[in-house]
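Undergrad: To be precise about what I am sending: the file is called upload_13.cif and holds mmCIF, C-alpha atoms.
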```cif
data_target
loop_
_atom_site.label_atom_id
_atom_site.label_comp_id
_atom_site.auth_asym_id
_atom_site.auth_seq_id
_atom_site.Cartn_x
_atom_site.Cartn_y
_atom_site.Cartn_z
CA MET A 1 20.32 -8.49 4.12
CA ARG A 2 19.10 -8.84 7.68
CA THR A 3 15.72 -7.06 7.55
CA LEU A 4 12.98 -7.42 4.93
CA ALA A 5 9.80 -5.33 5.12
CA LEU A 6 6.58 -6.10 3.21
CA ILE A 7 4.41 -3.00 2.74
CA GLU A 8 1.03 -2.65 1.01
CA SER A 9 -0.36 0.79 1.89
CA PRO A 10 0.76 4.40 2.44
CA VAL A 11 -0.01 4.22 6.17
CA GLN A 12 2.09 1.07 6.51
CA LEU A 13 5.02 2.79 4.82
CA LEU A 14 4.62 5.80 7.11
CA ASN A 15 4.75 3.53 10.14
CA LEU A 16 7.75 1.68 8.72
CA LEU A 17 9.53 5.04 8.59
CA GLU A 18 8.53 5.58 12.22
CA TRP A 19 9.87 2.12 13.13
CA THR A 20 13.19 2.62 11.32
CA HIS A 21 13.54 6.04 12.99
CA ALA A 22 13.09 4.43 16.42
CA GLN A 23 15.42 1.54 15.59
CA ARG A 24 18.17 3.83 14.33
CA ALA A 25 17.86 5.99 17.45
CA ALA A 26 18.34 2.83 19.51
CA GLY A 27 21.27 1.68 17.35
CA THR A 28 19.54 -1.59 16.36
CA LEU A 29 19.15 -1.03 12.61
CA ASP A 30 21.58 -0.39 9.75
CA LEU A 31 19.64 0.85 6.72
CA ALA A 32 22.21 -0.84 4.46
CA ASP A 33 20.90 -4.18 5.75
CA CYS A 34 17.24 -3.35 5.17
CA THR A 35 15.12 -3.88 2.04
CA VAL A 36 11.53 -2.72 1.65
CA VAL A 37 9.22 -4.52 -0.78
CA VAL A 38 6.17 -2.47 -1.79
CA LEU A 39 3.14 -4.53 -2.87
CA PRO A 40 0.69 -1.84 -4.03
CA PRO A 41 -3.10 -2.25 -4.19
CA ARG A 42 -5.08 -1.58 -7.34
CA ASP A 43 -6.90 1.65 -6.51
CA PRO A 44 -5.29 4.77 -8.02
CA MET A 45 -5.42 6.98 -4.91
CA SER A 46 -3.59 4.43 -2.77
CA ARG A 47 -1.00 3.91 -5.47
CA GLY A 48 -0.46 7.65 -5.80
CA GLN A 49 0.04 8.08 -2.07
CA LEU A 50 2.36 5.08 -2.00
CA ARG A 51 4.56 6.57 -4.71
CA ARG A 52 4.81 9.83 -2.76
CA MET A 53 5.62 7.91 0.42
CA ALA A 54 8.22 5.88 -1.50
CA GLU A 55 9.98 9.14 -2.42
CA LEU A 56 10.12 10.11 1.25
CA ALA A 57 11.41 6.65 2.20
CA ARG A 58 14.18 6.82 -0.37
CA ASP A 59 15.10 10.29 0.91
CA GLU A 60 15.52 8.68 4.34
CA GLY A 61 17.95 6.11 2.88
CA LEU A 62 15.69 3.06 2.54
CA ALA A 63 16.12 0.69 -0.41
CA LEU A 64 12.72 0.03 -2.00
CA ARG A 65 11.64 -2.63 -4.45
CA TRP A 66 8.26 -2.10 -6.17
CA CYS A 67 6.40 -5.32 -7.06
CA GLU A 68 3.01 -5.85 -8.73
CA PRO A 69 1.32 -9.02 -7.42
CA ARG A 70 -2.17 -7.79 -8.33
CA THR A 71 -1.70 -7.01 -12.04
CA ALA A 72 -2.08 -9.29 -15.04
CA THR A 73 1.33 -8.36 -16.45
CA ALA A 74 3.26 -9.31 -13.30
CA GLY A 75 0.92 -11.26 -11.07
CA PRO A 76 1.41 -13.28 -7.90
CA VAL A 77 3.46 -16.09 -9.45
CA ARG A 78 6.16 -13.82 -10.85
CA THR A 79 6.17 -11.75 -7.64
CA LEU A 80 6.47 -14.90 -5.55
CA ALA A 81 9.44 -16.11 -7.62
CA GLY A 82 11.17 -12.77 -7.27
CA LEU A 83 10.63 -12.53 -3.52
CA THR A 84 11.59 -16.07 -2.56
CA PRO A 85 15.38 -15.41 -2.38
CA LEU A 86 14.78 -12.31 -0.25
CA LEU A 87 12.49 -14.19 2.11
CA LEU A 88 14.97 -17.03 2.52
CA ARG A 89 17.84 -14.65 3.37
CA ALA A 90 16.02 -12.31 5.77
CA ARG A 91 16.70 -12.75 9.48
CA ARG A 92 14.06 -10.22 10.50
CA LEU A 93 10.69 -9.84 8.78
CA VAL A 94 8.62 -6.66 9.13
CA LEU A 95 4.95 -6.90 8.16
CA GLY A 96 2.59 -4.02 7.52
CA ASP A 97 -0.59 -6.08 7.21
CA PRO A 98 -0.79 -9.48 8.92
CA PHE A 99 -4.33 -9.89 7.51
CA SER A 100 -3.12 -9.72 3.90
CA ARG A 101 -3.66 -13.03 2.16
CA PHE A 102 -0.68 -12.46 -0.09
CA VAL A 103 1.58 -11.77 2.89
CA GLN A 104 0.19 -14.80 4.73
CA ALA A 105 0.99 -16.94 1.68
CA LEU A 106 4.60 -15.68 1.74
CA LEU A 107 5.22 -16.46 5.42
CA PRO A 108 6.03 -20.18 4.94
CA LEU A 109 8.96 -19.15 2.71
CA SER A 110 10.59 -17.12 5.48
CA ARG A 111 13.12 -18.51 7.94
CA ALA A 112 13.17 -15.31 9.98
CA ARG A 113 13.14 -15.79 13.75
CA ASP A 114 12.36 -12.13 14.39
CA LEU A 115 8.98 -10.88 13.21
CA VAL A 116 7.78 -7.30 13.60
CA VAL A 117 4.20 -6.18 13.01
CA ILE A 118 3.92 -2.45 12.41
CA ASP A 119 0.71 -0.44 12.42
CA ASP A 120 -1.83 -0.79 9.64
CA GLY A 121 -4.11 1.49 11.60
CA THR A 122 -6.90 0.22 13.83
CA ALA A 123 -6.55 -3.25 12.28
CA THR A 124 -3.72 -3.69 14.80
CA MET A 125 -6.27 -3.71 17.62
CA GLU A 126 -8.15 -6.57 15.98
CA PHE A 127 -4.92 -8.43 15.20
CA VAL A 128 -3.86 -8.35 18.85
CA ALA A 129 -7.26 -9.58 20.04
CA LEU A 130 -7.35 -12.47 17.57
CA ILE A 131 -3.79 -13.59 18.32
CA ALA A 132 -4.44 -13.48 22.06
CA ASP A 133 -7.61 -15.59 21.64
CA GLY A 134 -6.07 -18.00 19.12
CA GLN A 135 -8.64 -17.10 16.46
CA ARG A 136 -8.37 -16.87 12.68
CA LEU A 137 -6.87 -13.70 11.24
CA VAL A 138 -10.02 -12.33 9.58
CA ARG A 139 -10.66 -8.59 9.31
CA TRP A 140 -13.36 -7.19 11.58
CA HIS A 141 -15.62 -5.99 8.73
CA ARG A 142 -15.72 -9.42 7.06
CA ALA A 143 -17.82 -12.38 8.09
CA GLY A 144 -15.01 -14.80 7.23
CA ARG A 145 -17.33 -17.63 6.21
CA GLY A 146 -17.16 -17.53 2.39
CA ALA A 147 -15.74 -20.15 0.04
CA ARG A 148 -12.49 -18.21 -0.36
CA ASP A 149 -12.12 -17.97 3.41
CA ALA A 150 -12.59 -21.72 3.75
CA ALA A 151 -10.05 -22.42 1.01
CA PHE A 152 -7.52 -20.12 2.69
CA ALA A 153 -8.13 -21.37 6.23
CA ALA A 154 -4.95 -23.49 6.44
CA VAL A 155 -2.74 -20.62 5.24
CA ALA A 156 -4.36 -18.22 7.72
CA ALA A 157 -3.92 -20.72 10.55
CA ASN A 158 -0.22 -21.06 9.71
CA ALA A 159 0.14 -17.28 9.65
CA ARG A 160 -1.43 -17.03 13.09
CA ARG A 161 1.08 -19.58 14.45
CA ARG A 162 4.03 -17.76 12.86
CA LEU A 163 2.88 -14.46 14.34
CA THR A 164 2.47 -15.89 17.83
CA ALA A 165 5.57 -15.59 19.99
CA GLY A 166 7.10 -18.90 21.01
CA PRO A 167 10.36 -20.82 21.47
CA GLY A 168 12.91 -19.58 18.93
CA ARG A 169 10.47 -17.01 17.53
CA ARG A 170 10.42 -13.38 18.67
CA VAL A 171 7.48 -11.15 17.80
CA GLU A 172 7.45 -7.38 18.22
CA LEU A 173 4.45 -5.08 17.88
CA PHE A 174 5.15 -1.47 16.90
CA THR A 175 1.96 0.51 17.33
CA ALA A 176 0.30 3.80 18.23
CA MET A 177 -2.90 1.95 19.11
CA PRO A 178 -3.96 1.33 22.75
CA VAL A 179 -3.37 -2.43 22.96
CA VAL A 180 -2.17 -5.01 25.45
CA PRO A 181 0.30 -7.29 23.62
CA PRO A 182 -0.31 -11.04 23.56
CA PRO A 183 1.84 -13.09 25.95
CA GLY A 184 5.48 -13.13 24.87
CA THR A 185 5.07 -10.33 22.33
CA ARG A 186 7.24 -7.26 22.79
CA LEU A 187 5.40 -3.93 22.56
CA THR A 188 7.12 -0.79 21.25
CA VAL A 189 5.03 2.38 21.30
CA ASN A 190 4.87 4.40 18.10
CA ARG A 191 4.83 8.06 19.14
CA LEU A 192 5.09 9.43 15.56
CA ALA A 193 8.44 10.99 16.39
CA TRP A 194 9.65 10.92 12.77
CA THR A 195 6.48 12.65 11.56
CA ARG A 196 6.85 15.48 14.06
CA ALA A 197 10.56 15.89 13.33
CA ARG A 198 10.14 15.80 9.55
CA PHE A 199 7.09 18.06 9.11
CA GLY A 200 5.60 21.15 10.69
CA PRO A 201 4.53 22.63 12.95
CA PRO A 202 1.56 23.49 10.75
CA SER A 203 -0.28 26.72 10.29
CA VAL A 204 -3.74 26.44 11.88
CA ARG A 205 -6.77 27.95 10.16
CA ARG A 206 -9.99 29.00 11.85
CA GLY A 207 -12.94 26.62 11.76
CA ALA A 208 -13.31 22.87 11.46
CA ASP A 209 -12.26 20.20 8.97
CA LEU A 210 -14.12 16.92 8.57
CA ILE A 211 -12.18 13.70 8.03
CA GLY A 212 -13.68 11.10 5.72
CA THR A 213 -13.88 7.35 6.13
CA SER A 214 -14.27 4.31 3.88
CA LEU A 215 -16.99 2.70 6.02
CA VAL A 216 -19.41 2.97 3.09
CA GLU A 217 -16.92 1.42 0.65
CA THR A 218 -16.31 -1.53 2.97
CA GLY A 219 -20.05 -2.19 3.22
CA VAL A 220 -20.35 -1.32 6.91
CA VAL A 221 -22.41 1.90 6.80
CA HIS A 222 -25.34 2.70 4.51
CA PRO A 223 -24.48 5.50 2.01
CA ASP A 224 -27.59 7.58 2.78
CA ALA A 225 -26.99 7.33 6.52
CA TYR A 226 -23.38 8.43 6.06
CA LEU A 227 -24.38 11.37 3.87
CA ALA A 228 -26.98 12.50 6.42
CA ALA A 229 -24.43 12.22 9.24
CA VAL A 230 -21.81 14.22 7.35
CA ARG A 231 -24.37 16.85 6.42
CA GLY A 232 -25.50 17.15 10.05
CA ILE A 233 -21.97 17.37 11.44
CA ALA A 234 -20.86 19.95 8.87
CA ALA A 235 -23.88 22.16 9.60
CA ALA A 236 -23.62 21.86 13.38
CA HIS A 237 -19.88 22.48 13.61
CA GLY A 238 -19.23 24.79 10.68
CA ALA A 239 -16.97 22.40 8.78
CA THR A 240 -16.12 23.57 5.27
CA ARG A 241 -13.49 21.06 4.12
CA TYR A 242 -13.73 17.28 3.84
CA PHE A 243 -10.48 15.28 3.74
CA ALA A 244 -11.37 12.21 1.69
CA HIS A 245 -10.15 8.74 2.55
CA ARG A 246 -8.08 7.29 -0.26
CA ARG A 247 -10.67 4.55 -0.89
CA GLU A 248 -13.73 6.80 -1.11
CA ARG A 249 -15.54 6.69 -4.46
CA GLU A 250 -15.90 9.74 -6.67
CA ASP A 251 -19.71 9.49 -6.93
CA LYS A 252 -20.02 9.54 -3.15
CA LEU A 253 -17.66 12.52 -2.86
CA ARG A 254 -19.65 14.45 -5.47
CA ARG A 255 -22.80 13.93 -3.38
CA LEU A 256 -21.00 15.14 -0.26
CA SER A 257 -19.79 18.25 -2.07
CA THR A 258 -23.19 19.05 -3.57
CA GLU A 259 -25.49 18.14 -0.69
CA ALA A 260 -23.29 19.08 2.29
CA GLY A 261 -21.57 22.07 0.69
CA LEU A 262 -18.09 20.78 1.49
CA GLU A 263 -14.82 21.39 -0.32
CA ILE A 264 -13.42 17.93 -1.06
CA VAL A 265 -9.67 17.55 -0.45
CA ARG A 266 -7.85 14.50 -1.83
CA PRO A 267 -4.67 14.19 0.29
CA ASP A 268 -1.50 13.18 -1.56
CA LEU A 269 -0.02 11.69 1.62
CA PRO A 270 -1.38 10.03 4.78
CA LEU A 271 -3.41 12.52 6.79
CA GLU A 272 -0.88 12.60 9.65
CA LEU A 273 1.67 14.17 7.27
CA VAL A 274 -0.88 16.42 5.57
CA ALA A 275 -1.95 17.75 8.96
CA ARG A 276 1.65 18.39 10.00
CA ARG A 277 2.31 20.30 6.76
CA GLY A 278 -0.86 22.38 7.18
CA PRO A 279 -2.78 24.51 6.92
CA ILE A 280 -5.21 22.52 9.04
CA GLY A 281 -8.43 23.42 10.81
CA ALA A 282 -8.38 24.32 14.49
CA ARG A 283 -10.85 21.46 15.07
CA LEU A 284 -10.73 18.10 13.29
CA LEU A 285 -13.93 16.04 13.27
CA SER A 286 -13.69 12.33 12.57
CA PHE A 287 -15.65 9.11 12.60
CA PRO A 288 -13.98 6.11 14.33
CA SER A 289 -10.78 5.39 12.42
CA THR A 290 -7.03 5.22 12.79
CA VAL A 291 -6.61 9.00 12.82
CA VAL A 292 -8.45 9.48 16.13
CA HIS A 293 -5.43 7.77 17.68
CA THR A 294 -2.63 9.09 15.45
CA LEU A 295 -3.60 12.73 14.88
CA PRO A 296 -3.46 13.63 18.60
CA LEU A 297 0.15 12.36 18.57
CA ALA A 298 1.10 14.01 15.28
CA LEU A 299 -0.44 17.34 16.31
CA ASP A 300 0.70 17.34 19.92
CA GLY A 301 1.51 20.88 21.03
CA THR A 302 -0.16 22.59 18.05
CA GLY A 303 -3.43 23.46 19.79
CA VAL A 304 -5.51 21.56 17.22
CA GLU A 305 -8.48 19.72 18.76
CA VAL A 306 -9.58 16.29 17.53
CA ALA A 307 -13.17 15.17 18.14
CA VAL A 308 -14.81 11.84 17.34
CA CYS A 309 -18.38 10.86 16.43
CA GLU A 310 -19.54 7.36 17.29
CA VAL A 311 -21.31 5.38 14.57
CA ASP A 312 -24.95 4.76 15.46
CA PRO A 313 -26.14 1.13 15.08
CA SER A 314 -28.95 2.32 12.79
CA TRP A 315 -26.37 3.38 10.19
CA LEU A 316 -25.05 -0.17 9.67
CA THR A 317 -25.97 -2.14 6.57
CA SER A 318 -27.66 -5.52 6.72
CA GLY A 319 -24.43 -7.09 5.49
CA ALA A 320 -22.21 -5.57 8.17
CA SER A 321 -20.26 -8.03 10.29
CA PRO A 322 -21.74 -8.74 13.75
CA ARG A 323 -18.46 -7.46 15.16
CA ALA A 324 -18.67 -4.12 13.36
CA HIS A 325 -20.44 -1.91 15.88
CA GLY A 326 -18.52 -3.25 18.87
CA PHE A 327 -15.21 -2.73 17.09
CA LEU A 328 -16.05 0.83 16.04
CA SER A 329 -17.34 1.69 19.53
CA GLY A 330 -14.09 0.34 20.98
CA ILE A 331 -12.05 2.64 18.75
CA THR A 332 -14.10 5.63 19.87
CA SER A 333 -14.07 4.90 23.60
CA ALA A 334 -10.34 4.09 23.59
CA ALA A 335 -9.51 7.35 21.79
CA ARG A 336 -11.61 9.41 24.19
CA SER A 337 -10.04 7.72 27.18
CA ARG A 338 -6.44 7.82 25.99
CA HIS A 339 -6.32 11.21 24.28
CA GLY A 340 -9.23 13.03 25.94
CA LEU A 341 -10.95 13.65 22.62
CA GLY A 342 -14.11 15.68 22.43
CA ALA A 343 -17.36 13.98 21.46
CA ILE A 344 -19.58 14.88 18.54
CA ARG A 345 -23.28 14.38 19.17
CA ASN A 346 -24.68 11.79 16.79
CA PRO A 347 -26.66 13.57 14.07
CA VAL A 348 -29.95 12.08 12.94
CA ALA A 349 -29.40 9.59 10.11
CA VAL A 350 -31.85 8.02 7.70
CA SER A 351 -32.57 4.33 7.87
#
```
Spell out the structure here as structure tokens.
TA:
Amino acid sequence: MRTLALIESPVQLLNLLEWTHAQRAAGTLDLADCTVVVLPPRDPMSRGQLRRMAELARDEGLALRWCEPRTATAGPVRTLAGLTPLLLRARRLVLGDPFSRFVQALLPLSRARDLVVIDDGTATMEFVALIADGQRLVRWHRAGRGARDAAFAAVAANARRRLTAGPGRRVELFTAMPVVPPPGTRLTVNRLAWTRARFGPPSVRRGADLIGTSLVETGVVHPDAYLAAVRGIAAAHGATRYFAHRREREDKLRRLSTEAGLEIVRPDLPLELVARRGPIGARLLSFPSTVVHTLPLALDGTGVEVAVCEVDPSWLTSGASPRAHGFLSGITSAARSRHGLGAIRNPVAVS
């Protein structure tokens, strides 16, 4: 085995398929030498999407191994023991989430000189900024000052060193995000070529669809402010369907359905694939998230318009990270600049 990939989410597995598609086109990857280890999260929607993505990956010829580091029956110790031989043999390591504590804990076991970081959505933008500045790998929506963060500081620091290009260590970044790679890191642009070749073009329905976000679930945006914003956008733009994020809670979605009059759609695959399968609205309305960068690529040539609404500072919770608003604004401005997205006027939100 020459290549080992560690994947924890449906979007990561989608972007691994994009990476393998690009590598095979370039003649630099033999699928027989590649193993994918799936480390699923706990929430049912993510696990369901991951299983559907795993079926697609197997159809493409990838060998997958499903592990359970977050369950009581398997757990991290058993998973670690099972993965150690694979990590020791791999010459190239592909990571879907460099912020994952479990993945960071596995890095010292790897002798790989080639490391590839594939997209985990907009987190890639934060990863690049932190590596370039030599800072700790802490997600943008977390303060990073808790007891668990302090206990894990040495592991995170080692992960940052391993993921920084240097003598005898090659690092590649495979991304659809608008980033400038850190010095020495190779950048390969993800154009979602596999997605466009595998699905679609979609049928396009009249009207608008609204794309959900997990900003409430991550503690960044106040639930009442989010509900008011969704209600205002749906009314102003005639949106009738709401594509839920896989982490959105059922009680929140029931409120959105009742109070905003929206049909809630629970996608069984990442939204890029759902949109390519169709039917999809002629206008897609989104808050700042990964899809404002990936949907314009996935839907290129279909005539579907993507528009983005910036998060107002008044919507943020008292516990939101100081970096939160700046990061979200950066996603919005970069998407408008790169893809020419339309802007949605901020609706009035409650405090």
Undergrad: Any idea what the distance is between atom CA of A:Ser286 and atom CA of A:Gly232?
TA: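 Going from atom CA of A:Ser286 over to atom CA of A:Gly232 covers 13.0 Å.
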Undergrad: Given the point (-4.4, 2.6, -6.9) in the coordinates of this file, which residues lie within 12 Å, counting only C-alpha atoms, and how would they look as a VMD selection string?
TA: chain A and resid 8 to 10 39 to 51 68 70 to 71 246 to 248
Undergrad: Once the PyMOL selection byres ((chain A and resi 99) around 9) is applied to the coordinates I shared, what remains selected? I want it as a CSV table (one decimal) with C-alpha atoms, in the coordinates of the input.
TA:
```csv
chain,number,residue,atom,x,y,z
A,97,ASP,CA,-0.6,-6.1,7.2
A,98,PRO,CA,-0.8,-9.5,8.9
A,100,SER,CA,-3.1,-9.7,3.9
A,101,ARG,CA,-3.7,-13.0,2.2
A,102,PHE,CA,-0.7,-12.5,-0.1
A,103,VAL,CA,1.6,-11.8,2.9
A,104,GLN,CA,0.2,-14.8,4.7
A,123,ALA,CA,-6.6,-3.2,12.3
A,127,PHE,CA,-4.9,-8.4,15.2
A,137,LEU,CA,-6.9,-13.7,11.2
A,138,VAL,CA,-10.0,-12.3,9.6
A,139,ARG,CA,-10.7,-8.6,9.3
A,156,ALA,CA,-4.4,-18.2,7.7
A,159,ALA,CA,0.1,-17.3,9.6
```
Undergrad: Between atom CA of A:Leu210 and atom CA of A:Thr240, what is the distance in Å, rounded to a tenth?
TA: 7.7 Å
Undergrad: For the PyMOL selection byres ((chain A and resi 170-179) around 9), applied here, can you spell out every residue it catches as a short mmCIF file (atom, residue, chain, number, x, y, z; two decimals) with C-alpha atoms, keeping the file's coordinate frame?
TA:
```cif
data_model
loop_
_atom_site.label_atom_id
_atom_site.label_comp_id
_atom_site.auth_asym_id
_atom_site.auth_seq_id
_atom_site.Cartn_x
_atom_site.Cartn_y
_atom_site.Cartn_z
CA ASN A 15 4.75 3.53 10.14
CA TRP A 19 9.87 2.12 13.13
CA ARG A 113 13.14 -15.79 13.75
CA ASP A 114 12.36 -12.13 14.39
CA LEU A 115 8.98 -10.88 13.21
CA VAL A 116 7.78 -7.30 13.60
CA VAL A 117 4.20 -6.18 13.01
CA ILE A 118 3.92 -2.45 12.41
CA ASP A 119 0.71 -0.44 12.42
CA ASP A 120 -1.83 -0.79 9.64
CA GLY A 121 -4.11 1.49 11.60
CA THR A 122 -6.90 0.22 13.83
CA THR A 124 -3.72 -3.69 14.80
CA MET A 125 -6.27 -3.71 17.62
CA VAL A 128 -3.86 -8.35 18.85
CA ALA A 129 -7.26 -9.58 20.04
CA ARG A 162 4.03 -17.76 12.86
CA LEU A 163 2.88 -14.46 14.34
CA THR A 164 2.47 -15.89 17.83
CA ALA A 165 5.57 -15.59 19.99
CA GLY A 166 7.10 -18.90 21.01
CA PRO A 167 10.36 -20.82 21.47
CA GLY A 168 12.91 -19.58 18.93
CA ARG A 169 10.47 -17.01 17.53
CA VAL A 180 -2.17 -5.01 25.45
CA PRO A 181 0.30 -7.29 23.62
CA GLY A 184 5.48 -13.13 24.87
CA THR A 185 5.07 -10.33 22.33
CA ARG A 186 7.24 -7.26 22.79
CA LEU A 187 5.40 -3.93 22.56
CA THR A 188 7.12 -0.79 21.25
CA VAL A 189 5.03 2.38 21.30
CA ASN A 190 4.87 4.40 18.10
CA ARG A 191 4.83 8.06 19.14
CA LEU A 192 5.09 9.43 15.56
CA THR A 290 -7.03 5.22 12.79
CA HIS A 293 -5.43 7.77 17.68
CA THR A 294 -2.63 9.09 15.45
CA LEU A 297 0.15 12.36 18.57
CA ALA A 334 -10.34 4.09 23.59
CA ALA A 335 -9.51 7.35 21.79
CA ARG A 338 -6.44 7.82 25.99
#
```
Undergrad: For stretch 60-79 of chain A, what centre and edge lengths in Å (one decimal) does the axis-aligned box get once 8 Å is added on each side of all its listed atoms, as lines of an AutoDock Vina configuration file?
TA:
```
center_x = 7.9
center_y = -3.7
center_z = -6.1
size_x = 36.1
size_y = 40.8
size_z = 36.8
```
Undergrad: In Å, with one decimal, what is the gap from atom CA of A:His237 to atom CA of A:Gly207?
TA: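 These two atoms are separated by 8.3 Å.
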Undergrad: Expanded to explicit residues, what is the PyMOL selection byres ((chain A and resi 4) around 8) for this file, as a list of chain:residue names?
TA: A:Met1, A:Arg2, A:Thr3, A:Ala5, A:Leu6, A:Cys34, A:Thr35, A:Val36, A:Val37, A:Leu86, A:Leu87, A:Ala90, A:Arg91, A:Arg92, A:Leu93, A:Val94
Undergrad: Quick one: residues within 9 Å of A:Leu295, all atoms listed in the file, excluding same-chain residues fewer than 3 positions away - as a tab-separated table (two decimals) with C-alpha atoms, in the coordinates of the input?
TA:
```tsv
chain	number	residue	atom	x	y	z
A	271	LEU	CA	-3.41	12.52	6.79
A	272	GLU	CA	-0.88	12.60	9.65
A	275	ALA	CA	-1.95	17.75	8.96
A	290	THR	CA	-7.03	5.22	12.79
A	291	VAL	CA	-6.61	9.00	12.82
A	292	VAL	CA	-8.45	9.48	16.13
A	298	ALA	CA	1.10	14.01	15.28
A	299	LEU	CA	-0.44	17.34	16.31
A	300	ASP	CA	0.70	17.34	19.92
A	306	VAL	CA	-9.58	16.29	17.53
```
Undergrad: Which of these, A:Leu106, A:Leu273, A:Leu29, A:Ala282, has the shortest distance to A:Ala197 once you count all atoms listed in the file?
TA: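 The closest residue to A:Ala197 is A:Leu273.
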Undergrad: Nearest to A:Pro296 among A:Arg65, A:Arg283, A:Arg136, A:Arg206, with distances taken over all atoms listed in the file: which residue is it?
TA: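 Going through A:Arg65, A:Arg283, A:Arg136, A:Arg206 one by one, the smallest distance to A:Pro296 is for A:Arg283.
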Undergrad: Looking at A:Val311, A:Leu17, A:Leu256, A:Leu62, which one is nearest to A:Asp224, with distances taken over only C-alpha atoms?
TA: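 Answer, going by the shortest atom-to-atom distance: A:Leu256.
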Undergrad: Could you name the residues that touch A:Thr213 at 7 Å or less, counting all atoms listed in the file, but leaving out those on the same chain fewer than 2 positions away, as a ChimeraX atom specification?
TA: /A:211,215,245,287
Undergrad: Take stretch 125-136 of chain A, model N, CA, C and O atoms, and hand the result over as a PDB file, keeping the file's coordinate frame.
TA:
```
ATOM      1  N   MET A 125      -5.492  -3.369  16.425  1.00  0.00           N
ATOM      2  CA  MET A 125      -6.270  -3.710  17.620  1.00  0.00           C
ATOM      3  C   MET A 125      -6.951  -5.058  17.437  1.00  0.00           C
ATOM      4  O   MET A 125      -6.980  -5.894  18.356  1.00  0.00           O
ATOM      5  N   GLU A 126      -7.503  -5.295  16.252  1.00  0.00           N
ATOM      6  CA  GLU A 126      -8.150  -6.570  15.980  1.00  0.00           C
ATOM      7  C   GLU A 126      -7.137  -7.703  15.886  1.00  0.00           C
ATOM      8  O   GLU A 126      -7.365  -8.809  16.366  1.00  0.00           O
ATOM      9  N   PHE A 127      -5.982  -7.435  15.294  1.00  0.00           N
ATOM     10  CA  PHE A 127      -4.920  -8.430  15.200  1.00  0.00           C
ATOM     11  C   PHE A 127      -4.502  -8.926  16.580  1.00  0.00           C
ATOM     12  O   PHE A 127      -4.397 -10.135  16.823  1.00  0.00           O
ATOM     13  N   VAL A 128      -4.288  -7.990  17.494  1.00  0.00           N
ATOM     14  CA  VAL A 128      -3.860  -8.350  18.850  1.00  0.00           C
ATOM     15  C   VAL A 128      -4.916  -9.213  19.534  1.00  0.00           C
ATOM     16  O   VAL A 128      -4.601 -10.233  20.171  1.00  0.00           O
ATOM     17  N   ALA A 129      -6.184  -8.820  19.392  1.00  0.00           N
ATOM     18  CA  ALA A 129      -7.260  -9.580  20.040  1.00  0.00           C
ATOM     19  C   ALA A 129      -7.362 -10.995  19.481  1.00  0.00           C
ATOM     20  O   ALA A 129      -7.550 -11.955  20.242  1.00  0.00           O
ATOM     21  N   LEU A 130      -7.224 -11.150  18.175  1.00  0.00           N
ATOM     22  CA  LEU A 130      -7.350 -12.470  17.570  1.00  0.00           C
ATOM     23  C   LEU A 130      -6.168 -13.366  17.918  1.00  0.00           C
ATOM     24  O   LEU A 130      -6.344 -14.565  18.160  1.00  0.00           O
ATOM     25  N   ILE A 131      -4.963 -12.802  17.940  1.00  0.00           N
ATOM     26  CA  ILE A 131      -3.790 -13.590  18.320  1.00  0.00           C
ATOM     27  C   ILE A 131      -3.903 -14.050  19.770  1.00  0.00           C
ATOM     28  O   ILE A 131      -3.628 -15.217  20.110  1.00  0.00           O
ATOM     29  N   ALA A 132      -4.315 -13.133  20.643  1.00  0.00           N
ATOM     30  CA  ALA A 132      -4.440 -13.480  22.060  1.00  0.00           C
ATOM     31  C   ALA A 132      -5.467 -14.586  22.288  1.00  0.00           C
ATOM     32  O   ALA A 132      -5.300 -15.430  23.175  1.00  0.00           O
ATOM     33  N   ASP A 133      -6.547 -14.593  21.477  1.00  0.00           N
ATOM     34  CA  ASP A 133      -7.610 -15.590  21.640  1.00  0.00           C
ATOM     35  C   ASP A 133      -7.397 -16.824  20.782  1.00  0.00           C
ATOM     36  O   ASP A 133      -8.218 -17.752  20.825  1.00  0.00           O
ATOM     37  N   GLY A 134      -6.325 -16.853  19.977  1.00  0.00           N
ATOM     38  CA  GLY A 134      -6.070 -18.000  19.120  1.00  0.00           C
ATOM     39  C   GLY A 134      -7.070 -18.164  17.996  1.00  0.00           C
ATOM     40  O   GLY A 134      -7.325 -19.274  17.538  1.00  0.00           O
ATOM     41  N   GLN A 135      -7.633 -17.043  17.516  1.00  0.00           N
ATOM     42  CA  GLN A 135      -8.640 -17.100  16.460  1.00  0.00           C
ATOM     43  C   GLN A 135      -8.026 -16.827  15.090  1.00  0.00           C
ATOM     44  O   GLN A 135      -6.893 -16.368  14.974  1.00  0.00           O
ATOM     45  N   ARG A 136      -8.822 -17.104  14.044  1.00  0.00           N
ATOM     46  CA  ARG A 136      -8.370 -16.870  12.680  1.00  0.00           C
ATOM     47  C   ARG A 136      -8.140 -15.384  12.434  1.00  0.00           C
ATOM     48  O   ARG A 136      -8.844 -14.543  12.980  1.00  0.00           O
TER      49      ARG A 136
END
```
